[in-house]
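Source file: target.txt (compact mmCIF, C-alpha atoms)
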# COMPACT_ATOMS: atom_id res chain seq x y z
CA MET A 1 0.00 0.00 0.00
CA THR A 2 1.21 3.44 -0.91
CA ASP A 3 1.80 5.96 1.87
CA LEU A 4 -0.70 8.69 1.08
CA THR A 5 -1.56 12.05 2.60
CA LEU A 6 -5.18 12.62 3.56
CA VAL A 7 -6.57 16.02 4.55
CA GLY A 8 -9.75 16.09 6.65
CA ILE A 9 -11.93 19.19 6.74
CA CYS A 10 -14.63 19.17 9.41
CA GLY A 11 -17.38 21.77 9.10
CA SER A 12 -18.07 21.61 12.83
CA LEU A 13 -15.65 23.57 14.98
CA ARG A 14 -16.77 21.86 18.20
CA ALA A 15 -14.03 19.61 19.59
CA ASN A 16 -16.45 16.82 20.55
CA SER A 17 -18.77 16.97 17.54
CA THR A 18 -19.94 13.74 16.00
CA ASN A 19 -18.80 15.08 12.63
CA ARG A 20 -15.27 15.23 14.05
CA LEU A 21 -15.73 11.62 15.25
CA LEU A 22 -16.86 10.68 11.74
CA MET A 23 -13.80 12.37 10.24
CA GLN A 24 -11.48 10.48 12.61
CA GLU A 25 -13.27 7.19 11.85
CA ALA A 26 -12.90 7.86 8.11
CA ALA A 27 -9.18 8.57 8.54
CA ARG A 28 -8.72 5.29 10.45
CA ARG A 29 -10.50 3.40 7.68
CA PHE A 30 -8.46 5.14 4.95
CA ALA A 31 -5.16 4.32 6.71
CA PRO A 32 -2.30 3.88 6.32
CA ALA A 33 -1.82 7.55 5.53
CA THR A 34 -0.45 10.76 6.93
CA PHE A 35 -3.58 12.49 8.21
CA ILE A 36 -3.90 16.28 8.45
CA ASP A 37 -6.81 17.55 10.54
CA ALA A 38 -7.40 20.92 8.87
CA ASP A 39 -8.02 24.03 10.93
CA ILE A 40 -10.76 26.18 9.37
CA ARG A 41 -10.93 28.84 12.07
CA PHE A 42 -10.45 31.62 9.52
CA PRO A 43 -11.53 35.25 9.68
CA LEU A 44 -14.81 35.88 7.90
CA PHE A 45 -14.21 36.22 4.20
CA ASP A 46 -13.96 39.89 3.32
CA GLU A 47 -12.42 41.04 0.06
CA ASP A 48 -11.22 44.20 1.86
CA ILE A 49 -9.04 41.97 4.07
CA GLN A 50 -7.68 40.22 1.00
CA ASP A 51 -7.02 43.55 -0.75
CA SER A 52 -5.28 45.14 2.24
CA ASP A 53 -3.51 42.20 3.89
CA GLY A 54 -3.53 39.46 1.27
CA ILE A 55 -4.55 35.86 1.84
CA PRO A 56 -4.34 35.03 5.58
CA ALA A 57 -1.48 32.63 6.38
CA GLU A 58 -3.83 29.98 7.81
CA VAL A 59 -5.89 30.00 4.60
CA GLN A 60 -2.80 29.65 2.42
CA LEU A 61 -1.58 26.81 4.65
CA LEU A 62 -4.78 24.82 4.11
CA SER A 63 -4.76 25.57 0.39
CA ASP A 64 -1.19 24.24 0.21
CA GLN A 65 -2.14 21.18 2.26
CA ILE A 66 -5.03 20.40 -0.09
CA LYS A 67 -2.82 20.87 -3.15
CA ALA A 68 -0.16 18.51 -1.73
CA ALA A 69 -2.64 15.90 -0.44
CA ASP A 70 -3.49 12.72 -2.28
CA ALA A 71 -7.12 12.91 -1.13
CA VAL A 72 -9.48 15.05 0.96
CA ILE A 73 -12.47 14.21 3.12
CA VAL A 74 -15.08 16.89 3.79
CA VAL A 75 -17.31 16.17 6.76
CA THR A 76 -20.26 18.46 7.25
CA PRO A 77 -22.95 18.88 9.84
CA GLU A 78 -26.33 20.13 8.69
CA TYR A 79 -27.15 23.52 10.14
CA ASN A 80 -30.53 24.93 9.10
CA LYS A 81 -30.70 22.68 6.03
CA GLY A 82 -27.20 23.53 4.77
CA ILE A 83 -23.48 23.39 5.47
CA SER A 84 -22.00 25.27 8.38
CA GLY A 85 -20.94 28.87 7.98
CA ALA A 86 -17.41 27.85 8.97
CA LEU A 87 -17.17 25.36 6.12
CA LYS A 88 -18.63 27.77 3.55
CA ASN A 89 -16.26 30.49 4.75
CA ALA A 90 -13.28 28.15 4.40
CA LEU A 91 -14.31 27.18 0.87
CA ASP A 92 -14.74 30.85 -0.05
CA TRP A 93 -11.29 31.77 1.28
CA ILE A 94 -9.56 28.81 -0.37
CA SER A 95 -11.15 29.77 -3.68
CA ARG A 96 -9.16 33.01 -3.53
CA THR A 97 -5.77 31.28 -3.35
CA GLY A 98 -3.83 30.58 -6.53
CA GLY A 99 -2.91 27.30 -8.11
CA GLY A 100 -6.27 25.50 -8.12
CA PRO A 101 -5.65 23.29 -5.06
CA TRP A 102 -8.89 21.32 -5.56
CA ARG A 103 -8.54 20.64 -9.28
CA GLY A 104 -8.78 16.89 -9.92
CA LYS A 105 -8.32 16.13 -6.21
CA PRO A 106 -10.17 13.01 -5.01
CA VAL A 107 -12.74 14.17 -2.44
CA ALA A 108 -15.18 12.19 -0.31
CA ILE A 109 -18.08 13.99 1.35
CA MET A 110 -19.85 12.64 4.43
CA SER A 111 -22.10 13.95 7.17
CA ALA A 112 -23.50 13.29 10.60
CA ALA A 113 -26.63 14.99 11.85
CA ALA A 114 -29.19 14.66 14.63
CA GLY A 115 -32.09 14.33 12.19
CA ARG A 116 -33.44 11.33 10.32
CA ALA A 117 -31.71 12.13 7.02
CA GLY A 118 -28.21 12.37 8.46
CA GLY A 119 -27.28 15.60 6.71
CA GLU A 120 -28.47 14.86 3.19
CA ARG A 121 -29.18 18.52 2.39
CA ALA A 122 -25.79 19.60 3.71
CA GLN A 123 -24.05 17.01 1.53
CA ASN A 124 -25.91 18.23 -1.54
CA MET A 125 -24.94 21.82 -0.71
CA ALA A 126 -21.30 20.83 -0.12
CA ARG A 127 -21.19 19.19 -3.56
CA LEU A 128 -22.61 22.34 -5.15
CA CYS A 129 -20.08 24.52 -3.33
CA LEU A 130 -17.15 22.32 -4.40
CA ASN A 131 -18.18 21.92 -8.06
CA PRO A 132 -16.67 25.21 -9.31
CA PHE A 133 -13.24 24.09 -8.08
CA ARG A 134 -13.40 20.94 -10.26
CA PRO A 135 -12.32 18.29 -7.75
CA HIS A 136 -12.99 14.60 -8.35
CA VAL A 137 -15.87 14.25 -5.87
CA LEU A 138 -16.74 10.60 -5.40
CA PRO A 139 -20.43 10.04 -6.15
CA GLY A 140 -20.88 7.55 -3.35
CA PRO A 141 -21.66 5.60 -1.46
CA GLU A 142 -23.30 8.42 0.42
CA VAL A 143 -22.37 8.28 4.10
CA MET A 144 -25.00 10.05 6.19
CA ILE A 145 -25.04 9.14 9.87
CA ALA A 146 -28.52 9.97 11.15
CA GLN A 147 -29.47 10.41 14.82
CA THR A 148 -25.77 10.78 15.30
CA GLY A 149 -25.83 11.18 19.07
CA ASP A 150 -26.58 7.45 19.42
CA GLN A 151 -24.10 6.06 16.87
CA TRP A 152 -20.76 6.11 18.76
CA ASP A 153 -19.21 4.05 21.53
CA ALA A 154 -17.22 5.39 24.48
CA ASP A 155 -14.00 5.22 22.41
CA GLY A 156 -15.48 7.37 19.64
CA ARG A 157 -15.94 4.48 17.19
CA LEU A 158 -18.92 4.23 14.88
CA THR A 159 -21.34 1.54 16.08
CA ASN A 160 -23.88 1.77 13.25
CA GLU A 161 -23.06 -1.33 11.17
CA PHE A 162 -24.65 -0.10 7.95
CA GLY A 163 -22.96 3.31 8.27
CA ALA A 164 -19.62 1.64 9.00
CA LYS A 165 -19.98 -0.59 5.94
CA LEU A 166 -20.71 2.40 3.69
CA LEU A 167 -17.87 4.41 5.23
CA GLN A 168 -15.41 1.58 4.63
CA GLU A 169 -16.52 1.28 1.02
CA LEU A 170 -16.20 5.05 0.51
CA MET A 171 -12.71 5.11 2.05
CA ASP A 172 -11.63 2.10 -0.04
CA ASP A 173 -12.85 3.88 -3.18
CA LEU A 174 -11.12 7.11 -2.16
CA ARG A 175 -7.85 5.23 -1.59
CA ARG A 176 -8.15 3.49 -4.97
CA VAL A 177 -8.64 6.80 -6.79
CA ALA A 178 -5.80 8.47 -4.85
CA GLU A 179 -3.40 5.60 -5.58
CA SER A 180 -4.33 5.51 -9.27
CA ASN A 181 -3.66 9.27 -9.50
CA ARG A 182 -0.18 8.68 -8.11
CA ALA A 183 0.63 5.90 -10.59

Write out the structure in this file as structure tokens.
Amino acid sequence: MTDLTLVGICGSLRANSTNRLLMQEAARRFAPATFIDADIRFPLFDEDIQDSDGIPAEVQLLSDQIKAADAVIVVTPEYNKGISGALKNALDWISRTGGGPWRGKPVAIMSAAAGRAGGERAQNMARLCLNPFRPHVLPGPEVMIAQTGDQWDADGRLTNEFGAKLLQELMDDLRRVAESNRA
């Protein structure tokens, strides 16, 4: 197996969010790989900031990490039927960096949400927001962990068997695409 680099972007900033647990579970299932847990605590996008100060260093860092990565996972909660403001803000900032970091990059999208649908609307919105950057977004399987508060054990491992099966399949597919891009 090739040693790959995987970047994880979690749309929830909360340290103990179930979306962060899902991201960590996905990284374990993608392994072996160097895993980078991206920090998206950026200032609010404001073109005046860009014009006066340039791209913030933390934004450029994540853009560079995405560009250098073999694959990216985007994990999004569903807030008010869409992606989080933090995730949208990060995508907006990264779009202002040069070099097209997303172009052709294998990307897997997944979500965890308290509702019955598991973040389906947020995943659809995330796909729409990523499309202009022209990544290789895997079409599925769609991993949506519903009623997420009840789906994890004390060690932070996913207990939902169907969700775990889909997540493993998605991570296997992501690894296959990433390895074929390296060949």

Shell around stretch 45-53 of chain A at 7 Å using all atoms listed in the file, local window under 2 positions removed, as a PyMOL selection string: chain A and resi 43+55+89+92-93

Distance query 12 Å from (-35.9, 13.2, 8.7) using all atoms listed in the file, result as a ChimeraX atom specification: /A:78,81,113-121,144-147

Surrounding residues of A:Ala112 excluding itself and chain neighbours under 4 positions, 12 Å, all atoms listed in the file, as a PyMOL selection string: chain A and resi 10-12+17-23+25+74-79+83+116-123+142-152+158+160+163+167

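In this structure, atom CA of A:Asp70 sits 26.1 Å away from atom CA of A:Arg14.
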
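One distance worth recording is that between atom CA of A:Ile109 and atom CA of A:Ala183, which is 23.6 Å.
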
For A:Gly8, please output as a short mmCIF file (atom, residue, chain, number, x, y, z; two decimals) with C-alpha atoms, keeping the file's coordinate frame all residues within 9 Å (counting all atoms listed in the file; exclusion window: fewer than 2 positions along the same chain).
data_model
loop_
_atom_site.label_atom_id
_atom_site.label_comp_id
_atom_site.auth_asym_id
_atom_site.auth_seq_id
_atom_site.Cartn_x
_atom_site.Cartn_y
_atom_site.Cartn_z
CA LEU A 6 -5.18 12.62 3.56
CA CYS A 10 -14.63 19.17 9.41
CA MET A 23 -13.80 12.37 10.24
CA GLN A 24 -11.48 10.48 12.61
CA ALA A 26 -12.90 7.86 8.11
CA ALA A 27 -9.18 8.57 8.54
CA PHE A 35 -3.58 12.49 8.21
CA ILE A 36 -3.90 16.28 8.45
CA ASP A 37 -6.81 17.55 10.54
CA ALA A 38 -7.40 20.92 8.87
CA ALA A 71 -7.12 12.91 -1.13
CA VAL A 72 -9.48 15.05 0.96
CA ILE A 73 -12.47 14.21 3.12
CA VAL A 74 -15.08 16.89 3.79
CA VAL A 75 -17.31 16.17 6.76
#

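As for atom CA of A:Ala68 and atom CA of A:Val137, they are spaced 16.8 Å apart.
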
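Counting all atoms listed in the file, the residue from A:Gly82, A:Arg157, A:Arg96, A:Gly104 that sits nearest to A:Asn124 is A:Gly82.
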
Pick from A:Leu62, A:Met125, A:Ala33, A:Leu174 nearest to A:Lys88, counting all atoms listed in the file: A:Met125

Close residues, A:Arg29 itself excluded, 10 Å, all atoms listed in the file, min 5 positions apart in chain, as a PyMOL selection string: chain A and resi 23-24+164+167-172+175

Is it possible to get the axis-aligned box enclosing stretch 56-62 of chain A (all listed atoms, 6 Å extra per side) as AutoDock Vina command-line options, with centre and edge lengths in Å rounded to one decimal?
--center_x -3.7 --center_y 29.9 --center_z 5.1 --size_x 16.4 --size_y 22.2 --size_z 17.4
